[in-house]
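Structure file final_14.cif (mmCIF, C-alpha atoms) is printed below.
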```cif
data_query
loop_
_atom_site.group_PDB
_atom_site.id
_atom_site.type_symbol
_atom_site.label_atom_id
_atom_site.label_comp_id
_atom_site.auth_asym_id
_atom_site.auth_seq_id
_atom_site.Cartn_x
_atom_site.Cartn_y
_atom_site.Cartn_z
ATOM 1 C CA MET L 433 -70.658 126.756 74.155
ATOM 2 C CA GLY L 434 -70.211 126.243 70.420
ATOM 3 C CA GLY L 435 -67.832 123.344 71.034
ATOM 4 C CA TRP L 436 -70.447 121.485 73.065
ATOM 5 C CA PHE L 437 -73.066 122.003 70.382
ATOM 6 C CA VAL L 438 -70.786 120.932 67.530
ATOM 7 C CA GLY L 439 -69.614 117.908 69.497
ATOM 8 C CA LEU L 440 -73.101 116.459 69.773
ATOM 9 C CA PRO L 441 -74.031 113.828 67.186
ATOM 10 C CA LEU L 442 -76.811 115.986 65.728
ATOM 11 C CA THR L 443 -75.947 115.282 62.099
ATOM 12 C CA SER L 444 -76.423 111.524 62.462
ATOM 13 C CA GLY L 445 -80.231 111.677 62.431
ATOM 14 C CA PRO L 446 -80.623 113.420 59.062
ATOM 15 C CA ILE L 447 -77.915 111.226 57.542
ATOM 16 C CA VAL L 448 -79.667 108.054 58.714
ATOM 17 C CA PHE L 449 -82.924 109.389 57.260
ATOM 18 C CA PHE L 450 -81.328 109.757 53.826
ATOM 19 C CA LEU L 451 -79.643 106.367 54.162
ATOM 20 C CA ALA L 452 -83.080 104.849 54.799
ATOM 21 C CA LEU L 453 -84.428 106.495 51.653
ATOM 22 C CA ASP L 454 -81.500 105.301 49.529
ATOM 23 C CA HIS L 455 -80.591 101.913 50.988
ATOM 24 C CA GLY L 456 -83.552 100.735 53.012
ATOM 25 C CA ALA L 457 -84.505 100.478 56.648
ATOM 26 C CA ALA L 458 -82.143 97.628 57.555
ATOM 27 C CA PHE L 459 -79.081 99.562 56.368
ATOM 28 C CA ALA L 460 -80.272 102.725 58.121
ATOM 29 C CA ARG L 461 -80.860 100.749 61.326
ATOM 30 C CA ALA L 462 -77.292 99.432 61.209
ATOM 31 C CA ALA L 463 -75.985 102.964 60.592
ATOM 32 C CA ALA L 464 -77.995 104.318 63.537
ATOM 33 C CA VAL L 465 -76.649 101.569 65.800
ATOM 34 C CA GLY L 466 -73.116 102.445 64.691
ATOM 35 C CA ALA L 467 -73.643 106.162 65.283
ATOM 36 C CA LEU L 468 -75.070 105.649 68.776
ATOM 37 C CA ALA L 469 -72.379 103.129 69.716
ATOM 38 C CA GLY L 470 -69.823 105.639 68.463
ATOM 39 C CA ALA L 471 -71.297 108.279 70.766
ATOM 40 C CA ILE L 472 -70.823 105.949 73.749
ATOM 41 C CA ALA L 473 -67.228 105.270 72.722
ATOM 42 C CA GLU L 474 -66.692 109.001 72.235
ATOM 43 C CA ALA L 475 -67.880 109.609 75.805
ATOM 44 C CA ALA L 476 -65.313 107.053 77.022
ATOM 45 C CA PHE L 477 -62.580 108.871 75.080
ATOM 46 C CA ALA L 478 -63.592 112.273 76.460
ATOM 47 C CA LEU L 479 -63.716 111.017 80.036
ATOM 48 C CA ALA L 480 -60.320 109.285 79.910
ATOM 49 C CA TYR L 481 -58.668 112.194 78.127
ATOM 50 C CA GLY L 482 -60.333 114.744 80.388
ATOM 51 C CA TRP L 483 -59.052 113.132 83.567
ATOM 52 C CA LEU L 484 -55.496 112.765 82.305
ATOM 53 C CA ALA L 485 -55.108 115.977 80.307
ATOM 54 C CA SER L 486 -54.060 118.076 83.294
ATOM 55 C CA ARG L 487 -52.305 115.293 85.191
ATOM 56 C CA ALA L 488 -50.085 113.643 82.590
ATOM 57 C CA HIS L 489 -48.232 114.379 79.384
ATOM 58 C CA TRP L 490 -50.600 115.036 76.480
ATOM 59 C CA ARG L 491 -49.411 111.885 74.700
ATOM 60 C CA VAL L 492 -50.377 109.776 77.704
ATOM 61 C CA ALA L 493 -53.765 111.486 77.876
ATOM 62 C CA LEU L 494 -54.353 111.045 74.148
ATOM 63 C CA GLY L 495 -53.217 107.422 74.187
ATOM 64 C CA SER L 496 -55.399 106.635 77.179
ATOM 65 C CA GLY L 497 -58.379 108.301 75.554
ATOM 66 C CA CYS L 498 -57.847 106.288 72.378
ATOM 67 C CA LEU L 499 -57.515 103.078 74.407
ATOM 68 C CA ALA L 500 -60.769 103.865 76.225
ATOM 69 C CA PHE L 501 -62.441 104.563 72.888
ATOM 70 C CA GLY L 502 -61.112 101.315 71.411
ATOM 71 C CA ALA L 503 -62.103 99.272 74.462
ATOM 72 C CA ALA L 504 -65.625 100.689 74.399
ATOM 73 C CA THR L 505 -65.876 100.031 70.666
ATOM 74 C CA VAL L 506 -64.703 96.418 70.994
ATOM 75 C CA ALA L 507 -67.025 95.835 73.949
ATOM 76 C CA LEU L 508 -70.003 97.271 72.074
ATOM 77 C CA GLN L 509 -69.281 95.127 69.016
ATOM 78 C CA HIS L 510 -69.682 91.981 71.134
ATOM 79 C CA VAL L 511 -73.107 92.947 72.475
ATOM 80 C CA ALA L 512 -76.388 92.540 70.627
ATOM 81 C CA LEU L 513 -77.403 96.168 70.289
ATOM 82 C CA THR L 514 -80.939 97.309 69.638
ATOM 83 C CA LEU L 515 -81.963 100.908 69.150
ATOM 84 C CA VAL L 516 -84.520 100.698 71.954
ATOM 85 C CA TRP L 517 -81.737 100.211 74.538
ATOM 86 C CA LEU L 518 -78.887 101.896 72.713
ATOM 87 C CA PHE L 519 -80.486 105.341 72.463
ATOM 88 C CA PRO L 520 -80.990 105.769 76.240
ATOM 89 C CA ALA L 521 -77.568 104.185 76.833
ATOM 90 C CA ALA L 522 -75.933 106.798 74.597
ATOM 91 C CA ILE L 523 -77.738 109.630 76.366
ATOM 92 C CA LEU L 524 -76.767 108.187 79.747
ATOM 93 C CA ALA L 525 -73.119 107.725 78.681
ATOM 94 C CA LEU L 526 -72.874 111.322 77.451
ATOM 95 C CA ALA L 527 -74.565 112.662 80.598
ATOM 96 C CA LEU L 528 -72.305 110.587 82.864
ATOM 97 C CA ALA L 529 -69.201 111.674 80.985
ATOM 98 C CA PHE L 530 -70.261 115.286 81.362
ATOM 99 C CA ARG L 531 -71.012 114.805 85.064
ATOM 100 C CA LEU L 532 -67.778 112.923 85.809
ATOM 101 C CA MET L 533 -65.483 115.341 83.982
ATOM 102 C CA PRO L 534 -62.936 116.896 86.302
ATOM 103 C CA ARG L 535 -63.688 120.416 87.434
ATOM 104 C CA GLY L 536 -61.143 123.067 88.189
ATOM 105 C CA ALA L 537 -58.970 125.774 86.805
ATOM 106 C CA ARG L 538 -56.853 125.402 83.718
ATOM 107 C CA PRO L 539 -53.216 124.556 84.373
ATOM 108 C CA PRO L 540 -50.861 127.511 83.928
ATOM 109 C CA GLY L 541 -48.893 127.613 80.694
ATOM 110 C CA GLY L 542 -49.600 124.478 78.783
ATOM 111 C CA ALA L 543 -48.200 123.441 75.440
ATOM 112 C CA ARG L 544 -50.154 123.839 72.239
ATOM 113 C CA LEU L 545 -51.227 120.562 70.681
ATOM 114 C CA PRO L 546 -50.483 119.780 67.036
ATOM 115 C CA ARG L 547 -53.416 120.199 64.650
ATOM 116 C CA TRP L 548 -53.571 116.482 63.798
ATOM 117 C CA VAL L 549 -54.381 115.602 67.421
ATOM 118 C CA LEU L 550 -57.657 117.474 67.290
ATOM 119 C CA GLY L 551 -58.984 115.482 64.348
ATOM 120 C CA SER L 552 -57.924 112.001 65.407
ATOM 121 C CA PRO L 553 -60.926 111.104 67.643
ATOM 122 C CA VAL L 554 -63.320 112.219 64.914
ATOM 123 C CA PHE L 555 -61.520 110.089 62.333
ATOM 124 C CA TRP L 556 -61.553 106.974 64.521
ATOM 125 C CA ARG L 557 -65.180 107.474 65.514
ATOM 126 C CA ARG L 558 -66.258 107.681 61.885
ATOM 127 C CA PHE L 559 -63.987 104.811 60.827
ATOM 128 C CA LEU L 560 -64.945 102.397 63.603
ATOM 129 C CA SER L 561 -68.669 103.159 63.670
ATOM 130 C CA MET L 562 -69.241 102.256 60.021
ATOM 131 C CA PRO L 563 -71.506 99.219 59.696
ATOM 132 C CA PRO L 564 -69.950 96.175 58.047
ATOM 133 C CA SER L 565 -70.819 95.733 54.411
#
```

Take the structure I supplied and represent it as C-alpha cells, if you would.
Amino acid sequence: MGGWFVGLPLTSGPIVFFLALDHGAAFARAAAVGALAGAIAEAAFALAYGWLASRAHWRVALGSGCLAFGAATVALQHVALTLVWLFPAAILALALAFRLMPRGARPPGGARLPRWVLGSPVFWRRFLSMPPS
C-alpha cells in the first residue's frame, strides 16, 4: 500500500505553490503542466512494464516501458496542453493504467533487479517534465 501512496504525484502541488510564490504564476503553470504530463507518461511506462515484466526478460520490459514513457512524452510535447484538460487526463490515464494492469500470481523464482533500475523512471520523469527555460 505504501508503494501506491508514494508513487502518486502528491508532492507536485506544494512545489508548484512555492514556485508560484517565487517565480510567478506563468512559471508555476508551466511546472504544473509538466508535472501532470509526466504523470501521464509515467502511467504509460507502468502499463508497458507491467505487461512485459512477467512475460519477457526484465531488460525488454524496462526498455519497452522507457519507450512508452518517451513516446508519451514526445506526443504530449506536440499538443497544446491546458490545465483544464490535462488534470482530468492525468487522472484518467492513472486510473486506466491501474485498471489495465495484468492480474495474477507472481512468477516463481525471479531474479533480483539491480538498484539503478528502480530509480531510472523517476530520473527520466523529473528530467523530461522540466519546463523549458

Worksheet item: Hey, what's within 10 Å of Arg461 (chain L) if we count only C-alpha atoms and toss same-chain stuff fewer than 3 positions away? As a ChimeraX atom specification, please?
Response: /L:448-449,451-452,456-458,464-467,514-515,563

Discussion item. Could you tell me how far CA of Ala475 (chain L) sits from CA of Phe501 (chain L), in Å to one decimal place?
Written reply: 8.0 Å

Discussion item. Nearest residue to Ile523 (chain L) out of L:Gly470, L:Pro446, L:Gly482, L:Gly502, using only C-alpha atoms?
Written reply: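 Closest candidate: L:Gly470.
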
Practice prompt. With all atoms listed in the file counted, which protein, DNA or RNA residues have an atom no more than 9 Å from (-62.1, 115.1, 82.4) in the file frame? Please answer as a PyMOL selection string.
Written response: chain L and resi 478-486+529-530+532-535

As lines of an AutoDock Vina configuration file: centre and edge lengths in Å, one decimal, of the axis-aligned box holding region 454-459 of chain L with 4 Å per side:
```
center_x = -81.8
center_y = 101.5
center_z = 53.5
size_x = 13.4
size_y = 15.7
size_z = 16.0
```

Worksheet item: Using all atoms listed in the file, which of the listed residues (L:Ala469, L:Ala493, L:Ala460, L:Ala522) sits closest to Ala507 (chain L)?
Response: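 Of all the options, L:Ala469 lies closest to Ala507 (chain L).
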
Worksheet item: What do you get, as a list in words, if you spell out every residue that the PyMOL selection byres ((chain L and resi 503) around 12) selects here?
Response: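 Output from the PyMOL selection byres ((chain L and resi 503) around 12), applied to this file: Ala469, Gly470, Ile472, Ala473, Glu474, Ala475, Ala476, Phe477, Ala480, Ser496, Gly497, Cys498, Leu499, Ala500, Phe501, Gly502, Ala504, Thr505, Val506, Ala507, Leu508, Gln509, His510 and Leu560 of chain L.
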
Practice prompt. Would you mind reading off the distance between CA of Thr443 (chain L) and CA of Trp517 (chain L), one decimal, in Å?
Written response: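 Atom-to-atom, CA of Thr443 (chain L) to CA of Trp517 (chain L), that is 20.4 Å.
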
Practice prompt. Check the smallest atom-to-atom distance from each of L:Ala525, L:Leu468, L:Phe459, L:Arg487 to Leu513 (chain L) using all atoms listed in the file, then report the winner.
Written response: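 Smallest distance to Leu513 (chain L) is found for L:Leu468.
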
Worksheet entry | CA of Ala471 (chain L) to CA of Leu526 (chain L), straight-line distance in Å |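 Here the two named atoms are 7.5 Å from each other.
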
Could you add the missing atoms to region 461-478 of chain L, up to N, CA, C and O atoms, and return them as a CSV table (one decimal), in the coordinates of the input?
```
chain,number,residue,atom,x,y,z
L,461,ARG,N,-80.9,101.2,59.9
L,461,ARG,CA,-80.9,100.7,61.3
L,461,ARG,C,-79.4,100.4,61.8
L,461,ARG,O,-79.0,100.8,62.9
L,462,ALA,N,-78.7,99.8,60.9
L,462,ALA,CA,-77.3,99.4,61.2
L,462,ALA,C,-76.5,100.7,61.3
L,462,ALA,O,-75.6,100.8,62.2
L,463,ALA,N,-76.7,101.7,60.5
L,463,ALA,CA,-76.0,103.0,60.6
L,463,ALA,C,-76.3,103.7,61.9
L,463,ALA,O,-75.5,104.3,62.5
L,464,ALA,N,-77.6,103.7,62.3
L,464,ALA,CA,-78.0,104.3,63.5
L,464,ALA,C,-77.4,103.6,64.7
L,464,ALA,O,-76.9,104.3,65.7
L,465,VAL,N,-77.3,102.3,64.7
L,465,VAL,CA,-76.6,101.6,65.8
L,465,VAL,C,-75.2,102.0,65.9
L,465,VAL,O,-74.6,102.2,66.9
L,466,GLY,N,-74.5,102.0,64.7
L,466,GLY,CA,-73.1,102.4,64.7
L,466,GLY,C,-72.9,103.9,65.2
L,466,GLY,O,-71.9,104.1,65.9
L,467,ALA,N,-73.8,104.8,64.8
L,467,ALA,CA,-73.6,106.2,65.3
L,467,ALA,C,-73.8,106.3,66.8
L,467,ALA,O,-73.1,107.0,67.5
L,468,LEU,N,-74.8,105.6,67.3
L,468,LEU,CA,-75.1,105.6,68.8
L,468,LEU,C,-74.0,104.9,69.6
L,468,LEU,O,-73.6,105.4,70.6
L,469,ALA,N,-73.5,103.8,69.1
L,469,ALA,CA,-72.4,103.1,69.7
L,469,ALA,C,-71.1,104.0,69.7
L,469,ALA,O,-70.4,104.0,70.6
L,470,GLY,N,-71.0,104.7,68.6
L,470,GLY,CA,-69.8,105.6,68.5
L,470,GLY,C,-69.9,106.8,69.5
L,470,GLY,O,-68.9,107.2,70.0
L,471,ALA,N,-71.1,107.2,69.8
L,471,ALA,CA,-71.3,108.3,70.8
L,471,ALA,C,-70.9,107.8,72.2
L,471,ALA,O,-70.3,108.5,72.9
L,472,ILE,N,-71.2,106.5,72.5
L,472,ILE,CA,-70.8,105.9,73.7
L,472,ILE,C,-69.3,105.8,73.8
L,472,ILE,O,-68.7,106.2,74.8
L,473,ALA,N,-68.7,105.4,72.8
L,473,ALA,CA,-67.2,105.3,72.7
L,473,ALA,C,-66.6,106.7,72.8
L,473,ALA,O,-65.5,106.8,73.4
L,474,GLU,N,-67.2,107.6,72.2
L,474,GLU,CA,-66.7,109.0,72.2
L,474,GLU,C,-66.8,109.5,73.7
L,474,GLU,O,-65.8,110.3,74.1
L,475,ALA,N,-67.8,109.2,74.4
L,475,ALA,CA,-67.9,109.6,75.8
L,475,ALA,C,-66.8,109.0,76.6
L,475,ALA,O,-66.2,109.6,77.5
L,476,ALA,N,-66.4,107.7,76.3
L,476,ALA,CA,-65.3,107.1,77.0
L,476,ALA,C,-64.0,107.8,76.7
L,476,ALA,O,-63.2,108.0,77.6
L,477,PHE,N,-63.8,108.1,75.4
L,477,PHE,CA,-62.6,108.9,75.1
L,477,PHE,C,-62.5,110.2,75.8
L,477,PHE,O,-61.5,110.5,76.4
L,478,ALA,N,-63.6,111.0,75.8
L,478,ALA,CA,-63.6,112.3,76.5
L,478,ALA,C,-63.3,112.2,78.0
L,478,ALA,O,-62.6,113.0,78.5
```
